[in-house]
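Next comes start_16.pdb, a file with PDB, C-alpha atoms, pLDDT in the B column.
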```
ATOM      1  CA  GLN J   1      38.291 -31.190 -14.639  1.00 82.00           C
ATOM      2  CA  VAL J   2      39.921 -29.083 -11.954  1.00 88.00           C
ATOM      3  CA  GLN J   3      37.956 -27.281  -9.271  1.00 93.00           C
ATOM      4  CA  LEU J   4      39.438 -24.218  -7.585  1.00 95.00           C
ATOM      5  CA  VAL J   5      38.264 -22.554  -4.402  1.00 95.00           C
ATOM      6  CA  GLU J   6      39.840 -19.315  -3.184  1.00 96.00           C
ATOM      7  CA  SER J   7      39.816 -18.037   0.363  1.00 96.00           C
ATOM      8  CA  GLY J   8      41.501 -15.413   2.491  1.00 97.00           C
ATOM      9  CA  GLY J   9      40.220 -12.157   1.070  1.00 96.00           C
ATOM     10  CA  GLY J  10      38.972  -9.326   3.230  1.00 97.00           C
ATOM     11  CA  LEU J  11      39.134  -5.670   4.195  1.00 98.00           C
ATOM     12  CA  VAL J  12      42.471  -4.398   5.448  1.00 98.00           C
ATOM     13  CA  GLN J  13      44.305  -1.136   5.841  1.00 98.00           C
ATOM     14  CA  ALA J  14      47.177   0.061   3.722  1.00 98.00           C
ATOM     15  CA  GLY J  15      50.400  -1.558   4.841  1.00 98.00           C
ATOM     16  CA  ASP J  16      48.693  -4.691   6.160  1.00 98.00           C
ATOM     17  CA  SER J  17      49.153  -8.240   4.935  1.00 98.00           C
ATOM     18  CA  LEU J  18      46.814 -10.946   3.667  1.00 98.00           C
ATOM     19  CA  ARG J  19      47.330 -14.497   2.501  1.00 98.00           C
ATOM     20  CA  LEU J  20      45.082 -15.893  -0.175  1.00 98.00           C
ATOM     21  CA  ALA J  21      44.723 -19.629  -0.635  1.00 98.00           C
ATOM     22  CA  CYS J  22      43.518 -21.581  -3.652  1.00 96.00           C
ATOM     23  CA  ALA J  23      42.551 -25.173  -2.996  1.00 95.00           C
ATOM     24  CA  ALA J  24      42.565 -27.337  -6.100  1.00 92.00           C
ATOM     25  CA  SER J  25      40.878 -30.675  -6.645  1.00 88.00           C
ATOM     26  CA  GLY J  26      40.312 -32.934  -9.594  1.00 83.00           C
ATOM     27  CA  ARG J  27      42.316 -34.873 -12.045  1.00 68.00           C
ATOM     28  CA  THR J  28      46.080 -34.493 -12.349  1.00 63.00           C
ATOM     29  CA  VAL J  29      46.262 -31.416 -10.171  1.00 65.00           C
ATOM     30  CA  SER J  30      49.914 -32.154  -9.607  1.00 72.00           C
ATOM     31  CA  SER J  31      50.749 -31.200 -13.200  1.00 82.00           C
ATOM     32  CA  ALA J  32      48.812 -27.933 -13.196  1.00 89.00           C
ATOM     33  CA  ALA J  33      50.525 -24.584 -13.547  1.00 94.00           C
ATOM     34  CA  MET J  34      48.793 -21.960 -11.433  1.00 95.00           C
ATOM     35  CA  GLY J  35      48.255 -18.245 -11.529  1.00 97.00           C
ATOM     36  CA  TRP J  36      46.697 -15.441  -9.551  1.00 98.00           C
ATOM     37  CA  PHE J  37      44.856 -12.706 -11.399  1.00 98.00           C
ATOM     38  CA  ARG J  38      42.914  -9.695 -10.224  1.00 98.00           C
ATOM     39  CA  GLN J  39      40.232  -7.471 -11.626  1.00 98.00           C
ATOM     40  CA  ALA J  40      39.325  -4.058 -10.303  1.00 96.00           C
ATOM     41  CA  PRO J  41      36.049  -2.326 -11.217  1.00 92.00           C
ATOM     42  CA  GLY J  42      36.193  -0.948 -14.726  1.00 94.00           C
ATOM     43  CA  LYS J  43      39.530  -2.583 -15.462  1.00 96.00           C
ATOM     44  CA  GLU J  44      40.647  -5.665 -17.314  1.00 96.00           C
ATOM     45  CA  ARG J  45      41.707  -8.795 -15.540  1.00 97.00           C
ATOM     46  CA  GLU J  46      45.458  -8.764 -15.016  1.00 98.00           C
ATOM     47  CA  VAL J  47      48.008 -11.293 -13.925  1.00 98.00           C
ATOM     48  CA  VAL J  48      49.457 -10.831 -10.463  1.00 98.00           C
ATOM     49  CA  ALA J  49      51.683 -13.884 -10.112  1.00 98.00           C
ATOM     50  CA  ALA J  50      52.171 -17.299 -11.661  1.00 98.00           C
ATOM     51  CA  ILE J  51      53.980 -20.486 -10.747  1.00 96.00           C
ATOM     52  CA  SER J  52      55.008 -23.601 -12.653  1.00 95.00           C
ATOM     53  CA  TRP J  53      53.671 -26.925 -11.460  1.00 90.00           C
ATOM     54  CA  SER J  54      57.133 -27.924 -10.263  1.00 91.00           C
ATOM     55  CA  GLY J  55      57.250 -24.739  -8.206  1.00 91.00           C
ATOM     56  CA  SER J  56      60.667 -23.909  -9.593  1.00 93.00           C
ATOM     57  CA  SER J  57      59.596 -20.964 -11.750  1.00 96.00           C
ATOM     58  CA  THR J  58      57.601 -17.937 -10.708  1.00 98.00           C
ATOM     59  CA  TYR J  59      56.465 -14.679 -12.241  1.00 98.00           C
ATOM     60  CA  TYR J  60      55.335 -11.430 -10.661  1.00 98.00           C
ATOM     61  CA  ALA J  61      53.755  -8.377 -12.151  1.00 98.00           C
ATOM     62  CA  SER J  62      55.964  -5.347 -11.690  1.00 98.00           C
ATOM     63  CA  SER J  63      53.313  -3.696  -9.535  1.00 98.00           C
ATOM     64  CA  VAL J  64      53.569  -6.431  -6.885  1.00 98.00           C
ATOM     65  CA  LYS J  65      57.149  -7.606  -7.160  1.00 98.00           C
ATOM     66  CA  GLY J  66      58.852  -7.481  -3.792  1.00 98.00           C
ATOM     67  CA  ARG J  67      55.521  -7.356  -1.932  1.00 98.00           C
ATOM     68  CA  PHE J  68      53.696 -10.518  -3.022  1.00 98.00           C
ATOM     69  CA  THR J  69      54.876 -14.115  -2.963  1.00 98.00           C
ATOM     70  CA  ILE J  70      53.284 -17.075  -4.721  1.00 98.00           C
ATOM     71  CA  SER J  71      53.931 -20.553  -3.398  1.00 96.00           C
ATOM     72  CA  GLY J  72      52.496 -24.017  -3.601  1.00 93.00           C
ATOM     73  CA  ASP J  73      51.945 -26.916  -1.247  1.00 90.00           C
ATOM     74  CA  ASN J  74      51.629 -30.040  -3.372  1.00 85.00           C
ATOM     75  CA  ALA J  75      50.655 -32.179  -0.400  1.00 86.00           C
ATOM     76  CA  LYS J  76      47.622 -29.961   0.163  1.00 89.00           C
ATOM     77  CA  ASN J  77      47.000 -29.167  -3.520  1.00 90.00           C
ATOM     78  CA  THR J  78      46.956 -25.531  -2.515  1.00 93.00           C
ATOM     79  CA  VAL J  79      48.562 -22.418  -3.940  1.00 96.00           C
ATOM     80  CA  TYR J  80      49.060 -19.345  -1.811  1.00 97.00           C
ATOM     81  CA  LEU J  81      49.495 -15.672  -2.498  1.00 98.00           C
ATOM     82  CA  GLN J  82      51.135 -13.871   0.389  1.00 98.00           C
ATOM     83  CA  MET J  83      50.450 -10.168   0.036  1.00 98.00           C
ATOM     84  CA  ASN J  84      52.463  -7.739   2.141  1.00 98.00           C
ATOM     85  CA  LYS J  85      52.538  -3.956   2.292  1.00 98.00           C
ATOM     86  CA  LEU J  86      49.149  -3.770   0.650  1.00 98.00           C
ATOM     87  CA  LYS J  87      48.162  -0.581  -1.114  1.00 98.00           C
ATOM     88  CA  PRO J  88      44.714   0.823  -1.990  1.00 97.00           C
ATOM     89  CA  GLU J  89      45.471   0.116  -5.652  1.00 97.00           C
ATOM     90  CA  ASP J  90      45.648  -3.594  -4.807  1.00 98.00           C
ATOM     91  CA  THR J  91      41.896  -3.512  -4.235  1.00 98.00           C
ATOM     92  CA  ALA J  92      40.268  -6.003  -6.607  1.00 98.00           C
ATOM     93  CA  VAL J  93      38.642  -9.378  -6.906  1.00 98.00           C
ATOM     94  CA  TYR J  94      41.434 -11.941  -6.928  1.00 98.00           C
ATOM     95  CA  TYR J  95      41.064 -15.096  -8.994  1.00 98.00           C
ATOM     96  CA  CYS J  96      43.002 -18.312  -8.948  1.00 97.00           C
ATOM     97  CA  ALA J  97      43.563 -20.064 -12.281  1.00 97.00           C
ATOM     98  CA  ALA J  98      44.985 -23.406 -13.364  1.00 95.00           C
ATOM     99  CA  ARG J  99      46.016 -25.174 -16.520  1.00 94.00           C
ATOM    100  CA  HIS J 100      47.657 -28.459 -17.252  1.00 91.00           C
ATOM    101  CA  SER J 101      51.146 -28.286 -18.668  1.00 90.00           C
ATOM    102  CA  GLN J 102      53.597 -30.858 -19.924  1.00 90.00           C
ATOM    103  CA  TYR J 103      56.425 -28.503 -18.996  1.00 91.00           C
ATOM    104  CA  SER J 104      57.288 -28.666 -15.321  1.00 91.00           C
ATOM    105  CA  ASN J 105      59.119 -25.328 -15.285  1.00 94.00           C
ATOM    106  CA  SER J 106      56.742 -23.213 -17.344  1.00 96.00           C
ATOM    107  CA  TYR J 107      54.424 -20.545 -15.982  1.00 97.00           C
ATOM    108  CA  TYR J 108      51.712 -18.716 -17.875  1.00 97.00           C
ATOM    109  CA  ILE J 109      50.770 -15.062 -17.596  1.00 97.00           C
ATOM    110  CA  THR J 110      47.769 -14.424 -19.806  1.00 97.00           C
ATOM    111  CA  ALA J 111      44.179 -15.234 -18.882  1.00 97.00           C
ATOM    112  CA  LEU J 112      43.647 -17.099 -22.145  1.00 97.00           C
ATOM    113  CA  ASP J 113      46.331 -19.575 -21.123  1.00 96.00           C
ATOM    114  CA  TYR J 114      44.133 -20.891 -18.323  1.00 96.00           C
ATOM    115  CA  GLY J 115      41.176 -23.214 -18.589  1.00 95.00           C
ATOM    116  CA  TYR J 116      40.121 -23.405 -14.960  1.00 95.00           C
ATOM    117  CA  TRP J 117      39.127 -20.546 -12.698  1.00 97.00           C
ATOM    118  CA  GLY J 118      37.976 -20.066  -9.147  1.00 97.00           C
ATOM    119  CA  GLN J 119      35.030 -17.930  -8.125  1.00 96.00           C
ATOM    120  CA  GLY J 120      37.188 -15.066  -6.879  1.00 97.00           C
ATOM    121  CA  THR J 121      37.750 -13.472  -3.498  1.00 97.00           C
ATOM    122  CA  GLN J 122      37.443  -9.763  -2.739  1.00 98.00           C
ATOM    123  CA  VAL J 123      40.431  -7.861  -1.384  1.00 98.00           C
ATOM    124  CA  THR J 124      39.789  -4.303  -0.262  1.00 98.00           C
ATOM    125  CA  VAL J 125      42.594  -2.083   0.989  1.00 98.00           C
ATOM    126  CA  SER J 126      41.611   1.152   2.671  1.00 97.00           C
ATOM    127  CA  SER J 127      43.911   4.156   2.864  1.00 94.00           C
TER     128      SER J 127
END
```

When written as structure tokens, how does the structure in this file appear?
Amino acid sequence: QVQLVESGGGLVQAGDSLRLACAASGRTVSSAAMGWFRQAPGKEREVVAAISWSGSSTYYASSVKGRFTISGDNAKNTVYLQMNKLKPEDTAVYYCAARHSQYSNSYYITALDYGYWGQGTQVTVSS
């Protein structure tokens, strides 16, 4: 089992920055690939960014590339999502997800790939 707890959401203005954190605990967290997803009202959950458990491979959705950065701190078992130049369309509930992987350099970008999810944190960007 892996437990995930997100933090860092809030209400900001367009152009501002936020950093989300996902603290992971449980068995073999060190071999867990991680992802950030978001879901806006009336829309499907979509991948925002993903990272391999080695940290060497990352993925970004085209809508956030160049503005968001995913990173991991293995010592703290925490994954971060740095979000810069936020836009109103970034408004959503953001979820952290994890899955074990035998491949150190693989990331995963569909929700079905992940077996563990956090409770979500709300990000609201006003115009």

Need to verify the contact set: region 101-105 of chain J, 6 Å, all atoms listed in the file, exclusion of same-chain residues closer than 6 positions in sequence. Can you return it as a PDB file with C-alpha atoms, in the coordinates of the input?
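Wrote it out as part13.pdb, contents follow:
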```
ATOM      1  CA  ALA J  32      48.812 -27.933 -13.196  1.00 89.00           C
ATOM      2  CA  SER J  52      55.008 -23.601 -12.653  1.00 95.00           C
ATOM      3  CA  TRP J  53      53.671 -26.925 -11.460  1.00 90.00           C
ATOM      4  CA  SER J  54      57.133 -27.924 -10.263  1.00 91.00           C
ATOM      5  CA  SER J  57      59.596 -20.964 -11.750  1.00 96.00           C
TER       6      SER J  57
END
```

Top pick for closest residue to Thr78 (chain J), considering J:Gly66, J:Gly115, J:Pro41, J:Gly35 and counting all atoms listed in the file: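 Nearest to Thr78 (chain J): J:Gly35.
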
Using all atoms listed in the file: which of J:Ala111, J:Val2, J:Gly118, J:Ser30 has the shortest distance to Glu44 (chain J):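 So, comparing all the options, the nearest one is J:Ala111.
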
Residue list as a list of chain:residue names for point (39.6, -31.9, -15.2), cut-off 12 Å, only C-alpha atoms: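 Those within range, by chain then number, are J:Gln1, J:Val2, J:Gln3, J:Leu4, J:Ala24, J:Ser25, J:Gly26, J:Arg27, J:Thr28, J:Val29, J:Ser30, J:Ser31, J:Ala32, J:Ala98, J:Arg99, J:His100, J:Gly115, J:Tyr116, J:Trp117.
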
Point (51.1, -19.5, -7.2) neighbourhood (8 Å, only C-alpha atoms) written as a PyMOL selection string: chain J and resi 34-36+49-52+58+69-72+79-81

Close residues, Arg67 (chain J) itself excluded, 7 Å, all atoms listed in the file, min 3 positions apart in chain, as a PyMOL selection string: chain J and resi 64+83-85

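Applied to the shown file, the PyMOL selection byres ((chain J and resi 87-97) around 7) selects the residues Glu6, Ala14, Gly15, Cys22, Met34, Gly35, Trp36, Phe37, Arg38, Gln39, Ala40, Lys85, Leu86, Ala98, Tyr114, Tyr116, Trp117, Gly118, Gln119, Gly120, Thr121, Gln122, Val123, Thr124, Val125, Ser126 and Ser127 of chain J.
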
Å distance separating CA of Ala21 (chain J) from CA of Ala33 (chain J), one decimal place: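 Going from CA of Ala21 (chain J) over to CA of Ala33 (chain J) covers 15.0 Å.
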
Between CA of Lys76 (chain J) and CA of Gln13 (chain J) - distance in Å to one decimal: 29.6 Å

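CA of Tyr107 (chain J) to CA of Gly42 (chain J) spans 26.8 Å [interatomic distance, one decimal].
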
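Among the candidate residues J:Leu11, J:Ala23, J:Val48, J:Val5, the one lying nearest to Phe68 (chain J) is J:Val48, with distances computed using only C-alpha atoms.
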
Residue with smallest distance to Tyr59 (chain J) - pool J:Val47, J:Asn74, J:Arg19, J:Gly9, counting all atoms listed in the file: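 The answer is J:Val47, which sits nearest to Tyr59 (chain J).
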
Calculate, to one decimal in Å, the centre and edge lengths of the box along x, y and z of the file that holds all listed atoms of region 88-98 of chain J with 8 Å of margin on each side, and present them as AutoDock Vina command-line options.
```
--center_x 42.1 --center_y -11.3 --center_z -7.7 --size_x 23.0 --size_y 40.2 --size_z 27.4
```
